Amino acid sequence: MNVRAAAAKVVYQVVDQGQSLSNALPAAQQDIRERDHALLQEICYGVLRWLPRLESVTNQLMDKPLKGKQRVFHHLILVGLYQLGYMRIPAHAAVAETVNATKNLKKPQLRGLINAVLRNYQRQQDSLDEQSLSHDAGKYGHPGWLLKLLKQSYPTQFESVVDANNTKAPMWLRVNRRHHSRDEYRELLDAEGIATDLHPEAQDALRLHIPCDVSKLPGFADGWVSVQDAAAQLSVEYLAPQAGELILDCCAAPGGKTAHIMERQPETQVVAIDCDEQRLARVHDNLQRLKLDAKVLCADARYPAQWWQGEQFDRILLDAPCSATGVIRRHPDIKWLRRADDIEALAQLQAEIVDAMWQQLKPGGTLVYATCSITPQENSEQVKAFLGRTSDAKLIDSDPAQPGRQILPGEHDMDGFYYAVIRKALI
């Protein structure tokens, strides 16, 4: 399939049909040549990153919008505009390939329309681009409800958050210390000409200067290293697993944190649960590659009596279901799939889970509450409310008035993440 046709279908599936990019993109990559996978990803990510600007330009160039069965061609126009406005592809090639995509999409009679819109954009590009920046959604590449939330929550930082969300995410590695120390593995990468930076806190993390295919990483197939953002790697630093402990990784898929616990402290017994059977397949895949053994259960964390009759846990890592507003740079579709009222519903779900998990924690045990969100409702306010209703809960290493640690996107080149460490009283 023509790459532009595939891109138009992916963007249509995300924006109009509400599918996630992480599902739609891999399916589309099966229909194109492997050498074009990166190009397809670049176009899809870019269109979703700058959707309001591209929509604004399209609306100025079209007398009436394409509807119904022709909607995919609206997204094909966005694909063409993104190439012309943001990529280094020669303009003639971008236009020609986008116009040719009408054959794959079985509407060759729309060739003329697609060609005319893209040519008109070329002629008026400067003025059209300027107009697309005249409203906040176009200027910042975010929906209005999210911009409002960010401005309220981070009045002096929201622009840096938005800028970080609109950049390409770096590639962070997690070195498996069962095989090598971080410094030893860094030397292996140096020998391959792969340059890296260290992280000031995440002890197993390396950031690649230039992302590469995992097949080029020494020992990847043998479990020497994994791909995981440094912010997510901090979970094991806060959890501080000890030998001989029984540990629960709650909402564990895709399994990176489960594996990190066992890499860091081999003499632990780890139980990993998630309510999504399909995502649990990735947990099994990761553990198999890393040659690690955990008890993996498909389970709803709100109802532990249905899946756990064993003893209470020494430590629980609760990476709660959340809006994922901290990882937009990796998943730009989040901006268009989330709605303002999702936050309240997620906060209610999180409260139910943390209350249930607290009952599974031993007296004296530690619960690490984590999300990849940056909304206070899901993070500091959630923890504050939990502390207020839970007499045997004590916050560790942070101010109860502003509990936990909020990492904003871009801080030390990390994703946005939140952590709060809570200890259960012995009595």
# chains A, B, ... in the order shown; residues from 1 in each chain; ligands from 1
>>> select_by_dssp(residues="region 296-411 of chain A", states="helix (DSSP H, G or I)", output="VMD selection string")
chain A and resid 304 to 306 334 to 337 340 to 358 376 to 378 380 to 389 411
>>> write_last_selection(atoms="N, CA, C and O atoms", output="compact mmCIF listing (two decimals), in the first residue's frame")
# COMPACT_ATOMS: atom_id res chain seq x y z
N PRO A 304 -9.49 -7.59 45.08
CA PRO A 304 -8.41 -8.55 45.32
C PRO A 304 -8.91 -9.90 45.86
O PRO A 304 -8.24 -10.92 45.65
N ALA A 305 -10.05 -9.93 46.51
CA ALA A 305 -10.56 -11.20 47.03
C ALA A 305 -10.83 -12.20 45.91
O ALA A 305 -10.85 -13.42 46.14
N GLN A 306 -11.01 -11.69 44.69
CA GLN A 306 -11.30 -12.57 43.55
C GLN A 306 -10.05 -13.24 42.99
O GLN A 306 -10.15 -14.22 42.24
N ILE A 334 -3.12 10.88 22.37
CA ILE A 334 -3.76 11.12 23.67
C ILE A 334 -4.48 12.47 23.67
O ILE A 334 -5.56 12.62 24.25
N LYS A 335 -3.90 13.45 22.98
CA LYS A 335 -4.50 14.79 22.96
C LYS A 335 -5.91 14.77 22.38
O LYS A 335 -6.76 15.57 22.76
N TRP A 336 -6.13 13.86 21.43
CA TRP A 336 -7.40 13.85 20.71
C TRP A 336 -8.33 12.72 21.16
O TRP A 336 -9.51 12.74 20.82
N LEU A 337 -7.82 11.77 21.92
CA LEU A 337 -8.65 10.68 22.43
C LEU A 337 -9.21 10.99 23.82
O LEU A 337 -10.27 10.48 24.19
N ALA A 340 -12.19 16.11 28.71
CA ALA A 340 -12.05 16.74 30.03
C ALA A 340 -12.69 15.90 31.13
O ALA A 340 -12.15 15.77 32.23
N ASP A 341 -13.86 15.29 30.83
CA ASP A 341 -14.54 14.53 31.88
C ASP A 341 -13.90 13.18 32.16
O ASP A 341 -14.27 12.48 33.11
N ASP A 342 -12.90 12.78 31.35
CA ASP A 342 -12.18 11.54 31.63
C ASP A 342 -11.41 11.64 32.94
O ASP A 342 -11.23 10.64 33.64
N ILE A 343 -10.94 12.84 33.27
CA ILE A 343 -10.06 13.01 34.44
C ILE A 343 -10.81 12.64 35.72
O ILE A 343 -10.29 11.91 36.57
N GLU A 344 -12.03 13.13 35.85
CA GLU A 344 -12.81 12.84 37.05
C GLU A 344 -13.09 11.34 37.17
O GLU A 344 -12.99 10.76 38.26
N ALA A 345 -13.45 10.71 36.04
CA ALA A 345 -13.74 9.27 36.07
C ALA A 345 -12.50 8.47 36.44
O ALA A 345 -12.58 7.50 37.21
N LEU A 346 -11.35 8.87 35.91
CA LEU A 346 -10.11 8.17 36.23
C LEU A 346 -9.73 8.36 37.70
O LEU A 346 -9.27 7.42 38.36
N ALA A 347 -9.94 9.55 38.22
CA ALA A 347 -9.62 9.81 39.63
C ALA A 347 -10.47 8.94 40.55
O ALA A 347 -9.99 8.44 41.57
N GLN A 348 -11.73 8.73 40.19
CA GLN A 348 -12.60 7.86 40.98
C GLN A 348 -12.10 6.41 40.95
O GLN A 348 -12.05 5.73 41.99
N LEU A 349 -11.71 5.95 39.75
CA LEU A 349 -11.17 4.59 39.61
C LEU A 349 -9.89 4.43 40.42
O LEU A 349 -9.69 3.42 41.13
N GLN A 350 -9.01 5.42 40.35
CA GLN A 350 -7.75 5.37 41.10
C GLN A 350 -8.01 5.27 42.61
O GLN A 350 -7.33 4.50 43.31
N ALA A 351 -8.99 6.03 43.10
CA ALA A 351 -9.30 6.01 44.53
C ALA A 351 -9.78 4.62 44.95
O ALA A 351 -9.40 4.11 46.02
N GLU A 352 -10.60 3.99 44.12
CA GLU A 352 -11.08 2.65 44.44
C GLU A 352 -9.92 1.65 44.49
O GLU A 352 -9.85 0.78 45.37
N ILE A 353 -8.98 1.78 43.55
CA ILE A 353 -7.86 0.84 43.49
C ILE A 353 -6.92 1.04 44.68
O ILE A 353 -6.50 0.07 45.32
N VAL A 354 -6.57 2.28 44.98
CA VAL A 354 -5.61 2.51 46.07
C VAL A 354 -6.20 2.06 47.41
O VAL A 354 -5.48 1.50 48.26
N ASP A 355 -7.50 2.25 47.61
CA ASP A 355 -8.12 1.78 48.85
C ASP A 355 -8.07 0.26 48.94
O ASP A 355 -7.78 -0.31 50.01
N ALA A 356 -8.35 -0.41 47.82
CA ALA A 356 -8.31 -1.88 47.81
C ALA A 356 -6.90 -2.40 48.02
O ALA A 356 -6.67 -3.36 48.77
N MET A 357 -5.94 -1.77 47.39
CA MET A 357 -4.55 -2.23 47.51
C MET A 357 -3.99 -2.00 48.92
O MET A 357 -3.14 -2.76 49.38
N TRP A 358 -4.46 -0.95 49.57
CA TRP A 358 -3.98 -0.67 50.92
C TRP A 358 -4.28 -1.85 51.86
O TRP A 358 -3.49 -2.17 52.74
N PRO A 376 -3.13 17.37 38.55
CA PRO A 376 -3.16 17.28 40.02
C PRO A 376 -4.29 16.39 40.54
O PRO A 376 -4.15 15.74 41.58
N GLN A 377 -5.44 16.36 39.83
CA GLN A 377 -6.57 15.55 40.29
C GLN A 377 -6.19 14.08 40.41
O GLN A 377 -6.68 13.37 41.29
N GLU A 378 -5.33 13.63 39.52
CA GLU A 378 -4.94 12.21 39.52
C GLU A 378 -3.73 11.95 40.42
O GLU A 378 -3.43 10.79 40.70
N SER A 380 -1.35 14.63 43.11
CA SER A 380 -1.23 15.18 44.47
C SER A 380 -2.57 15.24 45.18
O SER A 380 -2.66 14.94 46.38
N GLU A 381 -3.63 15.64 44.46
CA GLU A 381 -4.95 15.71 45.10
C GLU A 381 -5.46 14.32 45.44
O GLU A 381 -6.12 14.12 46.48
N GLN A 382 -5.16 13.35 44.61
CA GLN A 382 -5.55 11.96 44.87
C GLN A 382 -4.89 11.45 46.15
O GLN A 382 -5.54 10.86 47.02
N VAL A 383 -3.59 11.69 46.26
CA VAL A 383 -2.85 11.22 47.43
C VAL A 383 -3.29 11.96 48.69
O VAL A 383 -3.43 11.38 49.77
N LYS A 384 -3.52 13.26 48.56
CA LYS A 384 -3.97 14.05 49.70
C LYS A 384 -5.30 13.51 50.24
O LYS A 384 -5.50 13.37 51.46
N ALA A 385 -6.21 13.20 49.33
CA ALA A 385 -7.51 12.65 49.74
C ALA A 385 -7.35 11.29 50.41
O ALA A 385 -8.01 10.99 51.42
N PHE A 386 -6.45 10.46 49.86
CA PHE A 386 -6.21 9.13 50.45
C PHE A 386 -5.66 9.26 51.87
O PHE A 386 -6.11 8.58 52.79
N LEU A 387 -4.69 10.13 52.04
CA LEU A 387 -4.11 10.34 53.37
C LEU A 387 -5.16 10.83 54.36
O LEU A 387 -5.16 10.46 55.54
N GLY A 388 -6.08 11.66 53.86
CA GLY A 388 -7.10 12.22 54.73
C GLY A 388 -8.09 11.18 55.24
O GLY A 388 -8.67 11.35 56.32
N ARG A 389 -8.30 10.11 54.47
CA ARG A 389 -9.28 9.10 54.89
C ARG A 389 -8.64 7.82 55.42
O ARG A 389 -9.35 6.86 55.75
N GLU A 411 11.73 17.27 31.92
CA GLU A 411 12.65 17.39 33.05
C GLU A 411 13.71 16.29 32.95
O GLU A 411 13.37 15.10 32.95
>>> residues_around(residues="region 54-57 of chain A", least_positions_apart="4", cutoff="8 Å", atoms="only C-alpha atoms", output="compact mmCIF listing (two decimals) with C-alpha atoms, in the first residue's frame")
# COMPACT_ATOMS: atom_id res chain seq x y z
CA VAL A 47 -0.14 14.93 11.78
CA TRP A 50 0.04 19.39 14.83
CA LEU A 61 -8.53 25.84 1.47
CA LEU A 78 -3.67 16.58 6.31
CA LEU A 81 0.06 19.31 4.28
CA TYR A 82 2.25 17.84 7.00
CA TYR A 121 -1.19 25.53 0.02
CA LEU A 128 -2.01 30.13 5.74
CA ASP A 129 0.55 29.02 8.32
CA GLN A 131 -3.42 32.17 10.22
CA SER A 132 -3.21 28.65 11.71
CA GLY A 138 -3.11 25.89 16.61
>>> residues_around(residues="His37 (chain A)", least_positions_apart="5", cutoff="10 Å", atoms="only C-alpha atoms", output="PDB file with all heavy atoms, in the first residue's frame")
ATOM      1  N   VAL A   3       2.278   4.580   1.153  1.00  0.00           N
ATOM      2  CA  VAL A   3       2.501   4.994   2.541  1.00  0.00           C
ATOM      3  C   VAL A   3       1.540   6.117   2.935  1.00  0.00           C
ATOM      4  O   VAL A   3       1.016   6.143   4.058  1.00  0.00           O
ATOM      5  CB  VAL A   3       3.961   5.454   2.741  1.00  0.00           C
ATOM      6  CG1 VAL A   3       4.170   5.988   4.156  1.00  0.00           C
ATOM      7  CG2 VAL A   3       4.912   4.315   2.480  1.00  0.00           C
ATOM      8  N   LEU A  25      -1.353   1.971  14.206  1.00  0.00           N
ATOM      9  CA  LEU A  25      -0.109   2.074  13.446  1.00  0.00           C
ATOM     10  C   LEU A  25       0.524   0.711  13.149  1.00  0.00           C
ATOM     11  O   LEU A  25       0.861   0.431  11.985  1.00  0.00           O
ATOM     12  CB  LEU A  25       0.873   2.987  14.176  1.00  0.00           C
ATOM     13  CG  LEU A  25       2.209   3.247  13.482  1.00  0.00           C
ATOM     14  CD1 LEU A  25       2.014   3.859  12.110  1.00  0.00           C
ATOM     15  CD2 LEU A  25       3.091   4.145  14.341  1.00  0.00           C
ATOM     16  N   PRO A  26       0.707  -0.174  14.138  1.00  0.00           N
ATOM     17  CA  PRO A  26       1.307  -1.476  13.822  1.00  0.00           C
ATOM     18  C   PRO A  26       0.490  -2.272  12.804  1.00  0.00           C
ATOM     19  O   PRO A  26       1.061  -2.976  11.951  1.00  0.00           O
ATOM     20  CB  PRO A  26       1.346  -2.190  15.181  1.00  0.00           C
ATOM     21  CG  PRO A  26       1.341  -1.096  16.184  1.00  0.00           C
ATOM     22  CD  PRO A  26       0.488  -0.028  15.596  1.00  0.00           C
ATOM     23  N   ALA A  28      -1.271  -1.017  10.371  1.00  0.00           N
ATOM     24  CA  ALA A  28      -1.019  -0.420   9.051  1.00  0.00           C
ATOM     25  C   ALA A  28       0.365  -0.767   8.534  1.00  0.00           C
ATOM     26  O   ALA A  28       0.568  -0.933   7.313  1.00  0.00           O
ATOM     27  CB  ALA A  28      -1.188   1.096   9.135  1.00  0.00           C
ATOM     28  N   GLN A  29       1.337  -0.890   9.425  1.00  0.00           N
ATOM     29  CA  GLN A  29       2.703  -1.209   9.000  1.00  0.00           C
ATOM     30  C   GLN A  29       2.788  -2.585   8.344  1.00  0.00           C
ATOM     31  O   GLN A  29       3.693  -2.836   7.548  1.00  0.00           O
ATOM     32  CB  GLN A  29       3.658  -1.106  10.192  1.00  0.00           C
ATOM     33  CG  GLN A  29       3.942   0.337  10.597  1.00  0.00           C
ATOM     34  CD  GLN A  29       4.794   0.464  11.836  1.00  0.00           C
ATOM     35  OE1 GLN A  29       4.717  -0.364  12.742  1.00  0.00           O
ATOM     36  NE2 GLN A  29       5.617   1.505  11.908  1.00  0.00           N
ATOM     37  N   GLN A  30       1.845  -3.458   8.640  1.00  0.00           N
ATOM     38  CA  GLN A  30       1.836  -4.786   8.022  1.00  0.00           C
ATOM     39  C   GLN A  30       1.477  -4.715   6.547  1.00  0.00           C
ATOM     40  O   GLN A  30       1.758  -5.661   5.795  1.00  0.00           O
ATOM     41  CB  GLN A  30       0.854  -5.699   8.758  1.00  0.00           C
ATOM     42  CG  GLN A  30       1.249  -5.988  10.199  1.00  0.00           C
ATOM     43  CD  GLN A  30       0.225  -6.838  10.926  1.00  0.00           C
ATOM     44  OE1 GLN A  30      -0.690  -7.390  10.321  1.00  0.00           O
ATOM     45  NE2 GLN A  30       0.379  -6.954  12.237  1.00  0.00           N
ATOM     46  N   ASP A  31       0.869  -3.604   6.127  1.00  0.00           N
ATOM     47  CA  ASP A  31       0.416  -3.472   4.742  1.00  0.00           C
ATOM     48  C   ASP A  31       1.400  -2.727   3.851  1.00  0.00           C
ATOM     49  O   ASP A  31       1.108  -2.501   2.673  1.00  0.00           O
ATOM     50  CB  ASP A  31      -0.936  -2.742   4.699  1.00  0.00           C
ATOM     51  CG  ASP A  31      -2.049  -3.529   5.358  1.00  0.00           C
ATOM     52  OD1 ASP A  31      -1.976  -4.773   5.343  1.00  0.00           O
ATOM     53  OD2 ASP A  31      -2.983  -2.906   5.890  1.00  0.00           O
ATOM     54  N   ILE A  32       2.550  -2.327   4.406  1.00  0.00           N
ATOM     55  CA  ILE A  32       3.534  -1.588   3.609  1.00  0.00           C
ATOM     56  C   ILE A  32       4.904  -2.247   3.734  1.00  0.00           C
ATOM     57  O   ILE A  32       5.111  -3.113   4.578  1.00  0.00           O
ATOM     58  CB  ILE A  32       3.619  -0.112   4.043  1.00  0.00           C
ATOM     59  CG1 ILE A  32       4.116  -0.006   5.490  1.00  0.00           C
ATOM     60  CG2 ILE A  32       2.270   0.584   3.880  1.00  0.00           C
ATOM     61  CD1 ILE A  32       4.407   1.412   5.937  1.00  0.00           C
ATOM     62  N   GLU A  42       6.531   8.571  11.175  1.00  0.00           N
ATOM     63  CA  GLU A  42       6.826  10.007  11.207  1.00  0.00           C
ATOM     64  C   GLU A  42       5.618  10.825  10.752  1.00  0.00           C
ATOM     65  O   GLU A  42       5.254  11.829  11.377  1.00  0.00           O
ATOM     66  CB  GLU A  42       8.027  10.305  10.317  1.00  0.00           C
ATOM     67  CG  GLU A  42       8.228  11.763   9.954  1.00  0.00           C
ATOM     68  CD  GLU A  42       8.563  12.651  11.146  1.00  0.00           C
ATOM     69  OE1 GLU A  42       9.077  12.136  12.162  1.00  0.00           O
ATOM     70  OE2 GLU A  42       8.296  13.861  11.065  1.00  0.00           O
TER      71      GLU A  42
END
>>> select_by_dssp(residues="region 91-297 of chain A", states="strand (DSSP E)", output="list in words")
Met171, Trp172, Leu173, Arg174, Val175, Thr196, Asp197, Leu198, Ala205, Leu206, Arg207, Leu208, Val225, Ser226, Val227, Leu246, Ile247, Leu248, Asp249, Cys250, Gln269, Val270, Val271, Ala272, Ile273, Asp274, Lys295, Val296 and Leu297 of chain A
>>> residues_around(residues="Val368 (chain A)", least_positions_apart="6", cutoff="8 Å", atoms="only C-alpha atoms", output="list of chain:residue names")
A:Ser235, A:Tyr238, A:Leu239, A:Arg315, A:Ile316, A:Leu317, A:Leu318, A:Tyr419, A:Ala420, A:Val421, A:Ile422
>>> write_last_selection(atoms="C-alpha atoms", output="CSV table (one decimal), in the first residue's frame")
chain,number,residue,atom,x,y,z
A,235,SER,CA,9.8,3.4,40.2
A,238,TYR,CA,11.2,4.7,45.1
A,239,LEU,CA,10.0,1.1,45.7
A,315,ARG,CA,5.6,-3.6,48.9
A,316,ILE,CA,3.1,-2.6,46.3
A,317,LEU,CA,3.9,-0.6,43.2
A,318,LEU,CA,0.6,0.9,42.0
A,419,TYR,CA,5.4,9.3,42.5
A,420,ALA,CA,4.3,9.3,46.1
A,421,VAL,CA,5.7,6.8,48.7
A,422,ILE,CA,3.3,5.9,51.5
>>> closest_atom_pairs(of="region 311-334 of chain A", to="region 223-233 of chain A", cutoff="12 Å", atoms="only C-alpha atoms", output="Markdown table")
| residue | atom | partner | partner_atom | distance |
| --- | --- | --- | --- | --- |
| A:Leu317 | CA | A:Ala232 | CA | 11.6 |
| A:Asp319 | CA | A:Ala232 | CA | 9.6 |
| A:Gly326 | CA | A:Ala231 | CA | 10.1 |
| A:Val327 | CA | A:Asp229 | CA | 9.8 |
| A:Arg329 | CA | A:Asp229 | CA | 11.8 |
| A:Arg330 | CA | A:Asp229 | CA | 10.2 |
>>> closest_residue(among="A:Ile247, A:Leu146, A:Ile89, A:Ala5", to="Arg338 (chain A)", atoms="only C-alpha atoms")
A:Leu146
>>> residues_around(residues="Arg282 (chain A)", least_positions_apart="2", cutoff="12 Å", atoms="only C-alpha atoms", output="PyMOL selection string")
chain A and resi 252-256+258-259+274+276-280+284-289+296
>>> closest_atom_pairs(of="region 247-278 of chain A", to="region 199-205 of chain A", cutoff="12 Å", atoms="only C-alpha atoms", output="JSON lines")
{"residue": "A:His260", "atom": "CA", "partner": "A:Asp204", "partner_atom": "CA", "distance": 9.3}
{"residue": "A:Ile261", "atom": "CA", "partner": "A:Asp204", "partner_atom": "CA", "distance": 11.8}
{"residue": "A:Glu263", "atom": "CA", "partner": "A:Asp204", "partner_atom": "CA", "distance": 10.1}
{"residue": "A:Arg264", "atom": "CA", "partner": "A:Asp204", "partner_atom": "CA", "distance": 9.2}
>>> residues_around(residues="Pro211 (chain A)", least_positions_apart="3", cutoff="12 Å", atoms="only C-alpha atoms", output="PyMOL selection string")
chain A and resi 38+168-173+194-196+206-208+214-217+227
>>> write_last_selection(atoms="all heavy atoms", output="CSV table (one decimal), in the first residue's frame")
chain,number,residue,atom,x,y,z
A,38,ALA,N,9.3,3.5,9.2
A,38,ALA,CA,9.7,4.8,9.9
A,38,ALA,C,9.0,6.0,9.3
A,38,ALA,O,8.6,6.9,10.0
A,38,ALA,CB,11.2,4.9,9.8
A,168,LYS,N,9.9,15.3,19.7
A,168,LYS,CA,10.1,13.8,19.6
A,168,LYS,C,10.7,13.3,20.9
A,168,LYS,O,11.7,13.9,21.4
A,168,LYS,CB,10.9,13.5,18.4
A,168,LYS,CG,10.3,13.9,17.1
A,168,LYS,CD,11.2,13.5,15.9
A,168,LYS,CE,10.5,14.0,14.6
A,168,LYS,NZ,11.4,13.7,13.4
A,169,ALA,N,10.2,12.2,21.3
A,169,ALA,CA,10.7,11.6,22.6
A,169,ALA,C,12.1,11.0,22.4
A,169,ALA,O,12.4,10.4,21.3
A,169,ALA,CB,9.7,10.5,23.1
A,170,PRO,N,12.9,11.1,23.4
A,170,PRO,CA,14.3,10.4,23.3
A,170,PRO,C,14.1,8.9,23.5
A,170,PRO,O,13.1,8.4,23.9
A,170,PRO,CB,15.0,11.0,24.5
A,170,PRO,CG,14.0,11.3,25.5
A,170,PRO,CD,12.8,11.7,24.7
A,171,MET,N,15.2,8.2,23.3
A,171,MET,CA,15.2,6.7,23.5
A,171,MET,C,16.1,6.5,24.7
A,171,MET,O,17.3,6.7,24.7
A,171,MET,CB,15.8,6.0,22.3
A,171,MET,CG,15.7,4.5,22.4
A,171,MET,SD,16.2,3.7,20.8
A,171,MET,CE,16.1,2.0,21.2
A,172,TRP,N,15.4,6.0,25.8
A,172,TRP,CA,16.1,5.6,27.0
A,172,TRP,C,16.2,4.1,27.1
A,172,TRP,O,15.3,3.4,26.8
A,172,TRP,CB,15.3,6.1,28.3
A,172,TRP,CG,15.4,7.6,28.5
A,172,TRP,CD1,14.6,8.6,28.2
A,172,TRP,CD2,16.5,8.3,29.3
A,172,TRP,NE1,15.0,9.8,28.6
A,172,TRP,CE2,16.2,9.6,29.3
A,172,TRP,CE3,17.7,7.8,29.9
A,172,TRP,CZ2,17.0,10.6,30.0
A,172,TRP,CZ3,18.5,8.7,30.6
A,172,TRP,CH2,18.1,10.1,30.6
A,173,LEU,N,17.4,3.7,27.6
A,173,LEU,CA,17.6,2.3,27.9
A,173,LEU,C,17.7,2.0,29.3
A,173,LEU,O,18.1,2.8,30.1
A,173,LEU,CB,18.9,1.8,27.2
A,173,LEU,CG,19.1,2.0,25.7
A,173,LEU,CD1,20.4,1.5,25.2
A,173,LEU,CD2,17.9,1.4,24.9
A,194,ILE,N,27.6,4.0,19.4
A,194,ILE,CA,26.3,4.5,19.9
A,194,ILE,C,26.6,5.3,21.2
A,194,ILE,O,27.0,4.8,22.2
A,194,ILE,CB,25.4,3.3,20.3
A,194,ILE,CG1,25.2,2.4,19.0
A,194,ILE,CG2,24.1,3.8,20.8
A,194,ILE,CD1,24.4,1.2,19.3
A,195,ALA,N,26.4,6.7,21.0
A,195,ALA,CA,26.7,7.6,22.1
A,195,ALA,C,25.5,7.7,23.0
A,195,ALA,O,24.4,7.7,22.6
A,195,ALA,CB,27.1,9.0,21.5
A,196,THR,N,25.8,7.8,24.3
A,196,THR,CA,24.8,7.9,25.4
A,196,THR,C,25.1,8.9,26.4
A,196,THR,O,26.2,9.4,26.6
A,196,THR,CB,24.7,6.5,26.1
A,196,THR,OG1,25.9,6.2,26.7
A,196,THR,CG2,24.2,5.4,25.1
A,206,LEU,N,20.3,4.9,30.5
A,206,LEU,CA,21.2,5.5,29.5
A,206,LEU,C,20.3,6.1,28.4
A,206,LEU,O,19.4,5.4,27.9
A,206,LEU,CB,22.1,4.5,28.8
A,206,LEU,CG,23.2,3.8,29.7
A,206,LEU,CD1,23.9,2.7,29.0
A,206,LEU,CD2,24.2,4.9,30.1
A,207,ARG,N,20.6,7.3,28.0
A,207,ARG,CA,19.9,8.0,26.9
A,207,ARG,C,20.7,8.0,25.6
A,207,ARG,O,21.8,8.5,25.6
A,207,ARG,CB,19.5,9.4,27.3
A,207,ARG,CG,18.6,10.1,26.2
A,207,ARG,CD,18.2,11.5,26.6
A,207,ARG,NE,19.4,12.4,26.7
A,207,ARG,CZ,20.0,13.0,25.6
A,207,ARG,NH1,19.6,12.8,24.4
A,207,ARG,NH2,21.0,13.8,25.8
A,208,LEU,N,20.1,7.5,24.6
A,208,LEU,CA,20.8,7.5,23.3
A,208,LEU,C,20.8,8.8,22.7
A,208,LEU,O,19.8,9.5,22.6
A,208,LEU,CB,20.2,6.4,22.3
A,208,LEU,CG,20.7,5.0,22.4
A,208,LEU,CD1,20.5,4.4,23.8
A,208,LEU,CD2,20.0,4.1,21.3
A,214,VAL,N,16.3,-1.6,18.0
A,214,VAL,CA,16.8,-2.5,19.1
A,214,VAL,C,17.8,-3.6,18.6
A,214,VAL,O,18.6,-4.1,19.4
A,214,VAL,CB,15.7,-3.0,19.9
A,214,VAL,CG1,14.9,-1.9,20.6
A,214,VAL,CG2,14.8,-3.9,19.1
A,215,SER,N,17.6,-4.0,17.4
A,215,SER,CA,18.5,-5.0,16.9
A,215,SER,C,20.0,-4.6,16.9
A,215,SER,O,20.9,-5.5,16.8
A,215,SER,CB,18.1,-5.5,15.4
A,215,SER,OG,18.2,-4.4,14.5
A,216,LYS,N,20.2,-3.3,16.9
A,216,LYS,CA,21.6,-2.8,16.9
A,216,LYS,C,22.2,-2.7,18.3
A,216,LYS,O,23.4,-2.4,18.5
A,216,LYS,CB,21.7,-1.4,16.3
A,216,LYS,CG,21.3,-1.5,14.8
A,216,LYS,CD,21.4,-0.1,14.2
A,216,LYS,CE,21.0,-0.1,12.7
A,216,LYS,NZ,21.0,1.2,12.0
A,217,LEU,N,21.4,-3.0,19.4
A,217,LEU,CA,21.8,-2.9,20.7
A,217,LEU,C,22.5,-4.2,21.2
A,217,LEU,O,21.8,-5.3,21.0
A,217,LEU,CB,20.6,-2.6,21.7
A,217,LEU,CG,19.9,-1.3,21.4
A,217,LEU,CD1,18.6,-1.2,22.3
A,217,LEU,CD2,20.8,-0.1,21.6
A,227,VAL,N,14.2,-1.1,26.6
A,227,VAL,CA,13.8,0.3,26.3
A,227,VAL,C,12.8,0.7,27.3
A,227,VAL,O,11.7,0.1,27.4
A,227,VAL,CB,13.3,0.4,24.9
A,227,VAL,CG1,12.9,1.9,24.6
A,227,VAL,CG2,14.3,0.0,23.8
>>> closest_residue(among="A:Asn120, A:Met62, A:Asp183, A:Trp145", to="Leu198 (chain A)", atoms="only C-alpha atoms")
A:Asp183
